[in-house]
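For reference, target29.txt is printed below; it contains compact mmCIF, C-alpha atoms.
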# COMPACT_ATOMS: atom_id res chain seq x y z
CA MET A 1 0.00 0.00 0.00
CA ILE A 2 1.28 3.45 -0.89
CA ILE A 3 0.08 6.68 0.69
CA VAL A 4 1.22 10.02 -0.72
CA LEU A 5 0.99 13.16 1.44
CA THR A 6 1.34 16.20 -0.76
CA GLY A 7 0.52 19.91 -0.90
CA ASP A 8 1.87 23.17 0.47
CA ASN A 9 0.28 22.91 3.92
CA ILE A 10 3.25 21.52 5.81
CA TYR A 11 1.48 21.62 9.16
CA GLU A 12 -1.43 19.46 7.98
CA ILE A 13 0.95 17.04 6.27
CA ASP A 14 2.93 16.63 9.49
CA GLN A 15 -0.27 16.12 11.46
CA GLU A 16 -1.52 13.48 9.02
CA LEU A 17 1.81 11.68 9.14
CA GLY A 18 1.63 11.75 12.93
CA ARG A 19 -1.81 10.14 12.84
CA ILE A 20 -0.62 7.39 10.50
CA VAL A 21 2.40 6.66 12.69
CA ALA A 22 0.30 6.69 15.88
CA GLY A 23 -2.14 4.21 14.35
CA PHE A 24 0.59 1.72 13.43
CA ASN A 25 1.42 -0.93 15.99
CA GLY A 26 5.09 -1.48 15.36
CA GLU A 27 8.45 0.06 14.61
CA VAL A 28 8.38 2.76 11.94
CA GLU A 29 11.18 2.72 9.37
CA ARG A 30 12.33 6.10 8.06
CA LEU A 31 14.48 6.10 4.94
CA ASP A 32 16.46 8.86 3.24
CA GLY A 33 15.01 9.43 -0.22
CA ASP A 34 18.30 10.81 -1.56
CA SER A 35 20.24 7.66 -0.71
CA LEU A 36 17.79 5.09 -2.10
CA GLU A 37 18.53 3.17 -5.28
CA VAL A 38 16.14 1.41 -7.65
CA ARG A 39 17.04 -2.02 -6.26
CA ASP A 40 15.97 -0.88 -2.78
CA LEU A 41 12.33 -0.80 -3.90
CA THR A 42 12.21 -4.59 -3.96
CA ASP A 43 13.34 -4.72 -0.35
CA ILE A 44 10.81 -2.07 0.66
CA PHE A 45 7.83 -3.84 -0.88
CA SER A 46 8.89 -7.49 -0.64
CA GLY A 47 11.05 -7.51 2.45
CA VAL A 48 9.57 -9.00 5.59
CA SER A 49 10.05 -8.33 9.26
CA LEU A 50 10.78 -11.11 11.72
CA PHE A 51 8.58 -9.46 14.32
CA ALA A 52 5.56 -8.12 12.41
CA THR A 53 3.32 -8.97 9.49
CA GLU A 54 3.23 -5.36 8.30
CA ARG A 55 5.87 -2.68 7.81
CA LEU A 56 5.45 1.08 7.83
CA VAL A 57 8.11 2.89 5.82
CA VAL A 58 8.25 6.69 5.63
CA VAL A 59 10.26 8.41 2.89
CA LYS A 60 10.39 12.17 2.38
CA ARG A 61 10.95 13.92 -0.95
CA LEU A 62 11.61 10.75 -2.90
CA SER A 63 10.47 12.53 -6.08
CA GLU A 64 13.76 14.44 -6.03
CA ASN A 65 15.52 11.12 -6.69
CA ALA A 66 14.55 10.89 -10.37
CA SER A 67 15.59 7.31 -11.14
CA VAL A 68 13.90 5.77 -8.09
CA TRP A 69 10.81 7.92 -8.53
CA GLU A 70 10.41 6.76 -12.12
CA ALA A 71 10.86 3.11 -11.17
CA LEU A 72 8.27 3.46 -8.43
CA ALA A 73 5.49 3.70 -11.02
CA SER A 74 5.66 -0.05 -11.63
CA TRP A 75 4.86 -0.74 -7.97
CA ALA A 76 1.69 1.40 -7.87
CA GLU A 77 -0.71 -1.45 -8.72
CA GLN A 78 0.98 -4.18 -6.71
CA SER A 79 -0.28 -5.31 -3.33
CA SER A 80 2.12 -5.53 -0.41
CA ASP A 81 2.18 -5.89 3.35
CA THR A 82 4.33 -2.76 3.42
CA ILE A 83 2.68 0.61 3.99
CA LEU A 84 4.89 3.12 2.19
CA VAL A 85 4.18 6.74 3.11
CA LEU A 86 5.69 9.27 0.74
CA VAL A 87 5.87 12.85 1.98
CA GLU A 88 6.02 15.04 -1.13
CA PRO A 89 5.14 18.71 -0.50
CA LYS A 90 6.12 19.60 -4.06
CA VAL A 91 5.65 16.90 -6.65
CA ASP A 92 5.59 17.15 -10.43
CA LYS A 93 2.14 15.93 -11.40
CA ARG A 94 3.28 15.50 -15.00
CA THR A 95 5.54 12.54 -14.18
CA LYS A 96 4.57 9.00 -15.12
CA THR A 97 4.78 7.96 -11.48
CA TYR A 98 2.37 10.60 -10.21
CA LYS A 99 -0.10 9.78 -12.98
CA ALA A 100 0.07 6.13 -11.95
CA PHE A 101 -0.45 7.15 -8.33
CA ALA A 102 -3.54 9.16 -9.23
CA LYS A 103 -5.15 5.93 -10.46
CA TYR A 104 -4.03 3.36 -7.92
CA VAL A 105 -2.59 5.07 -4.83
CA ASP A 106 -4.04 6.88 -1.81
CA VAL A 107 -3.03 10.48 -2.58
CA ARG A 108 -3.92 12.95 0.16
CA THR A 109 -3.52 16.62 -0.75
CA PHE A 110 -3.26 19.38 1.84
CA ALA A 111 -3.55 22.92 0.51
CA ALA A 112 -2.19 25.90 2.43
CA TRP A 113 -4.74 28.36 3.76
CA GLY A 114 -5.07 31.75 2.09
CA GLU A 115 -6.59 35.13 2.86
CA ARG A 116 -10.10 33.77 2.40
CA ASP A 117 -9.51 31.30 5.24
CA THR A 118 -9.14 33.84 8.03
CA VAL A 119 -12.40 32.87 9.74
CA LYS A 120 -11.41 29.21 9.45
CA ALA A 121 -8.01 30.04 10.95
CA GLU A 122 -9.61 31.89 13.87
CA LYS A 123 -11.81 28.90 14.72
CA TRP A 124 -8.90 26.49 14.34
CA LEU A 125 -6.73 28.61 16.63
CA SER A 126 -9.51 28.81 19.23
CA ASP A 127 -9.97 25.03 19.06
CA GLU A 128 -6.21 24.51 19.46
CA ALA A 129 -6.25 26.76 22.52
CA VAL A 130 -9.04 24.67 24.07
CA ARG A 131 -7.20 21.44 23.26
CA ARG A 132 -4.04 22.79 24.92
CA ASP A 133 -5.97 24.22 27.90
CA ILE A 134 -4.98 27.80 27.01
CA ALA A 135 -7.35 30.70 27.76
CA LEU A 136 -7.69 32.63 24.50
CA ALA A 137 -10.20 35.45 24.10
CA PRO A 138 -12.05 35.42 20.73
CA ALA A 139 -10.90 38.97 20.00
CA ALA A 140 -7.32 37.93 20.74
CA ALA A 141 -7.63 35.02 18.32
CA ARG A 142 -8.80 37.41 15.61
CA GLU A 143 -5.90 39.76 16.28
CA ILE A 144 -3.33 36.96 16.26
CA VAL A 145 -4.57 35.78 12.87
CA ARG A 146 -4.63 39.33 11.57
CA ARG A 147 -1.04 39.95 12.61
CA ARG A 148 0.46 36.52 12.02
CA GLY A 149 -1.54 35.36 9.01
CA VAL A 150 -3.05 31.92 8.50
CA GLU A 151 0.03 29.66 8.41
CA GLN A 152 -0.70 27.11 11.12
CA TYR A 153 2.81 26.57 12.47
CA GLN A 154 3.14 30.33 12.87
CA LEU A 155 -0.18 30.50 14.69
CA VAL A 156 0.42 27.60 17.05
CA ASN A 157 3.93 28.84 17.89
CA THR A 158 2.49 32.26 18.71
CA LEU A 159 -0.18 30.63 20.86
CA GLU A 160 2.43 28.74 22.87
CA GLN A 161 4.63 31.82 23.27
CA LEU A 162 1.77 33.97 24.58
CA ALA A 163 0.41 31.21 26.84
CA VAL A 164 3.31 31.64 29.28
CA LEU A 165 1.92 35.12 30.06
CA GLY A 166 -1.40 33.73 31.30
CA ASP A 167 -4.79 34.42 29.76
CA ILE A 168 -4.36 35.70 26.21
CA THR A 169 -6.27 38.95 25.77
CA PRO A 170 -6.23 41.52 22.93
CA GLU A 171 -4.05 43.70 25.14
CA ILE A 172 -1.49 40.91 25.52
CA VAL A 173 -1.44 40.43 21.76
CA ASP A 174 -1.05 44.15 21.12
CA THR A 175 1.83 44.40 23.60
CA HIS A 176 3.80 41.34 22.55
CA ILE A 177 3.19 40.89 18.81
CA GLU A 178 4.65 43.53 16.57
CA LYS A 179 2.52 45.28 14.00
CA THR A 180 2.84 44.14 10.43
CA PRO A 181 3.78 46.34 7.45
CA HIS A 182 0.12 45.97 6.47
CA ASP A 183 -0.93 47.61 9.77
CA ASN A 184 1.47 50.52 9.26
CA VAL A 185 0.27 51.10 5.71
CA PHE A 186 -3.35 50.92 6.81
CA GLU A 187 -2.71 53.66 9.36
CA LEU A 188 -0.89 55.69 6.71
CA LEU A 189 -3.81 55.38 4.30
CA SER A 190 -6.30 56.23 7.06
CA ALA A 191 -4.39 59.43 7.82
CA ALA A 192 -4.42 60.34 4.12
CA LEU A 193 -8.16 59.72 3.77
CA THR A 194 -8.93 61.98 6.73
CA GLY A 195 -6.77 64.74 5.24
CA ASP A 196 -4.28 64.67 8.13
CA THR A 197 -1.21 65.70 6.10
CA ILE A 198 0.91 66.32 9.20
CA ARG A 199 0.32 62.76 10.40
CA VAL A 200 1.03 61.41 6.91
CA ARG A 201 4.41 63.16 6.85
CA ARG A 202 5.28 62.00 10.36
CA MET A 203 4.38 58.41 9.56
CA ILE A 204 6.43 58.44 6.36
CA GLN A 205 9.42 59.71 8.33
CA ALA A 206 8.92 56.85 10.80
CA LEU A 207 8.62 54.29 8.00
CA ARG A 208 11.70 55.45 6.08
CA PRO A 209 14.48 53.78 8.12
CA GLU A 210 13.23 50.17 8.07
CA ASN A 211 10.71 49.91 5.22
CA ASP A 212 11.02 49.60 1.47
CA PRO A 213 9.13 52.35 -0.42
CA TYR A 214 8.31 50.04 -3.33
CA MET A 215 6.78 47.44 -1.02
CA THR A 216 4.91 50.21 0.81
CA LEU A 217 3.46 51.48 -2.46
CA GLY A 218 2.43 47.93 -3.35
CA LEU A 219 0.62 47.52 -0.03
CA LEU A 220 -1.08 50.88 -0.53
CA ALA A 221 -2.20 49.77 -3.99
CA SER A 222 -3.68 46.53 -2.63
CA GLN A 223 -5.59 48.41 0.07
CA ILE A 224 -6.90 51.00 -2.37
CA PHE A 225 -7.96 48.16 -4.67
CA ALA A 226 -10.00 46.70 -1.81
CA LEU A 227 -11.31 50.15 -0.89
CA SER A 228 -12.46 50.66 -4.48
CA GLY A 229 -14.44 47.45 -4.29
CA LEU A 230 -16.30 48.74 -1.25
CA VAL A 231 -16.96 52.19 -2.74
CA LEU A 232 -18.02 51.04 -6.20
CA SER A 233 -20.02 47.93 -5.27
CA ASP A 234 -23.44 47.69 -3.71
CA LYS A 235 -22.62 44.22 -2.40
CA SER A 236 -22.02 43.20 1.20
CA GLN A 237 -18.57 43.24 2.74
CA ALA A 238 -18.43 39.43 2.64
CA ASP A 239 -19.40 39.32 -1.04
CA VAL A 240 -16.80 41.95 -1.96
CA ALA A 241 -14.12 39.99 -0.08
CA SER A 242 -15.09 36.85 -1.97
CA ASP A 243 -15.24 38.60 -5.36
CA LEU A 244 -11.86 40.30 -4.94
CA GLY A 245 -10.15 37.45 -3.11
CA VAL A 246 -9.00 39.73 -0.28
CA SER A 247 -8.91 39.24 3.46
CA PRO A 248 -12.09 40.09 5.39
CA TYR A 249 -9.81 41.86 7.87
CA THR A 250 -8.70 44.28 5.17
CA LEU A 251 -12.26 45.15 4.23
CA ARG A 252 -13.37 45.37 7.84
CA GLY A 253 -10.73 48.00 8.51
CA LEU A 254 -11.55 49.94 5.34
CA THR A 255 -15.33 50.01 5.74
CA ARG A 256 -15.49 53.28 7.65
CA SER A 257 -13.21 54.97 5.13
CA ALA A 258 -15.34 53.67 2.27
CA GLU A 259 -18.48 55.13 3.82
CA SER A 260 -16.97 58.63 3.82
CA LEU A 261 -15.38 58.43 0.35
CA ASP A 262 -17.23 59.24 -2.87
CA ARG A 263 -16.31 58.20 -6.39
CA THR A 264 -14.69 61.52 -7.27
CA GLN A 265 -12.38 61.38 -4.25
CA LEU A 266 -11.58 57.76 -5.05
CA ARG A 267 -10.69 58.70 -8.62
CA VAL A 268 -8.28 61.40 -7.36
CA LEU A 269 -6.66 58.93 -4.94
CA VAL A 270 -6.25 56.21 -7.57
CA GLY A 271 -4.84 58.72 -10.07
CA ALA A 272 -2.34 60.06 -7.53
CA LEU A 273 -1.20 56.55 -6.66
CA ALA A 274 -0.82 55.70 -10.36
CA ASP A 275 1.35 58.80 -10.81
CA ALA A 276 3.50 57.74 -7.85
CA ASP A 277 3.86 54.24 -9.28
CA SER A 278 4.97 55.66 -12.62
CA GLY A 279 7.33 58.07 -10.88
CA LEU A 280 8.96 55.37 -8.80
CA LYS A 281 9.75 53.46 -12.00
CA SER A 282 11.03 56.36 -14.09
CA SER A 283 12.03 59.28 -11.86
CA SER A 284 15.08 59.98 -9.71
CA VAL A 285 12.95 61.81 -7.14
CA ASP A 286 13.03 60.26 -3.66
CA PRO A 287 10.39 57.47 -3.68
CA TRP A 288 9.14 58.42 -0.22
CA VAL A 289 8.59 62.00 -1.38
CA GLN A 290 6.51 60.70 -4.28
CA ILE A 291 4.40 58.58 -1.92
CA GLU A 292 3.90 61.58 0.34
CA ILE A 293 2.78 63.73 -2.60
CA ALA A 294 0.31 61.05 -3.69
CA LEU A 295 -1.21 60.74 -0.23
CA THR A 296 -1.53 64.46 0.41
CA LYS A 297 -2.91 65.39 -3.01
CA ARG A 298 -6.39 66.91 -2.99
Can the structure in the file be given as structure tokens, please?
Amino acid sequence: MIIVLTGDNIYEIDQELGRIVAGFNGEVERLDGDSLEVRDLTDIFSGVSLFATERLVVVKRLSENASVWEALASWAEQSSDTILVLVEPKVDKRTKTYKAFAKYVDVRTFAAWGERDTVKAEKWLSDEAVRRDIALAPAAAREIVRRRGVEQYQLVNTLEQLAVLGDITPEIVDTHIEKTPHDNVFELLSAALTGDTIRVRRMIQALRPENDPYMTLGLLASQIFALSGLVLSDKSQADVASDLGVSPYTLRGLTRSAESLDRTQLRVLVGALADADSGLKSSSVDPWVQIEIALTKR
């Protein structure tokens, strides 16, 4: 029997492998995919153990060993007392072996979560906190996901780090988890939309030392794109998030700004940002100055 664990969600792959190992009553064999040769496949599938009727063999990234991977295709249909678990986060689906696997082998795919999975990530994080007997306020879970993203190893590591401080509240999160570039840009855009030019200039001065102006402009563009969806659409916030493929957190933060922004003001803002983007690519003027001009233009 062959089981393939694949996909870009490393956390879920590791968890699934842990469940398989835990459910096997015997010694697990772990082999190095780089060091295997074609002749070793016979031993894996036909070899027997003196102490058990079944074997569990785990091999990671065997697909990077081209000759063995190709030869493995011929074993896909054959029955065996060996359970071979292949951990292949990145596998070329065009290969003969993978195509054979798709027909005859137990292929389990685990996709990484994206921006649309923020609500799912919040619930998962809350469930993990309960399972680990950690007190996590719902608002704190939302803030952790907003600041750390949806990658599960990142989330669970953050949960464990904050747990040593006691109950995890929004205040604990705010104190101990740094703001993201997205947060800083959101505050910068908010200052621009309220016409607070002094605050815009102060924030740009604070951002200069440790932030890249090109990345900052890109983040501004993504937020204005989301803002445009709210201003121009009559749909609900959830529908706009789904249509644009953006995080609900982004839209939630931009909703108030969208309510006070009309189409003419939006057009001016988009035009100013487009000018800044063009200037950053073709002008020798300080990029931060061009961003400041775009955000203070009226």
*Quick one, how far is CA of Asn157 in chain A from CA of Thr175 in chain A?*
16.7 Å
*Quote the spacing between CA of Val119 in chain A and CA of Leu5 in chain A in Å to one decimal place.*
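Distance reported for this atom pair: 25.2 Å.
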*With all atoms listed in the file as the basis for distance, which of A:Val156, A:Val4, A:Ala111, A:Leu273 is at the shortest distance from Ser63 in chain A?*
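Among the listed residues, A:Val4 lies closest to Ser63 in chain A.
Nearest to Val130 in chain A of all the residues A:Ser35, A:Ala163, A:Lys90, A:Lys281 is A:Ala163, counting all atoms listed in the file.
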_Distance of CA of Val87 in chain A from CA of Ile13 in chain A, expressed in Å to one decimal place_ = 7.8 Å
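Distances to Asn9 in chain A were evaluated for A:Leu165, A:Val185, A:Val289, A:Ala112 using only C-alpha atoms, and the minimum falls at A:Ala112.
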Any chance you could work out the axis-aligned box around range 180-187 of chain A, listed atoms only, 3 Å on each side, giving centre and edge lengths in Å to one decimal, as lines of an AutoDock Vina configuration file?
center_x = 0.2
center_y = 48.9
center_z = 8.1
size_x = 13.1
size_y = 15.5
size_z = 10.7
Could you give me, as a tab-separated table, a per-residue list for range 69-156 of chain A showing, wherever an atom lies at most 7 Å from an atom of range 232-251 of chain A, the closest pair of atoms and their distance in Å to one decimal, using all atoms listed in the file and sorting by chain then residue number from low to high?
residue	atom	partner	partner_atom	distance
A:Glu115	CA	A:Ser247	CA	4.8
A:Arg116	CA	A:Ser247	CA	5.7
A:Arg146	CA	A:Tyr249	CA	6.9
_Need to verify the contact set: Val59 in chain A, 6 Å, only C-alpha atoms, exclusion of same-chain residues closer than 3 positions in sequence. Can you return it as a PyMOL selection string?_
chain A and resi 31+33+86
Take the residues that were just selected and, keeping C-alpha atoms, output them as a tab-separated table (two decimals), keeping the file's coordinate frame.
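In the end it all went to part16.tsv:
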chain	number	residue	atom	x	y	z
A	31	LEU	CA	14.48	6.10	4.94
A	33	GLY	CA	15.01	9.43	-0.22
A	86	LEU	CA	5.69	9.27	0.74
*Find the residue from A:Val268, A:Met203, A:Ile293, A:Ala73 that sits nearest to Thr95 in chain A; use only C-alpha atoms when measuring.*
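Smallest distance to Thr95 in chain A is found for A:Ala73.
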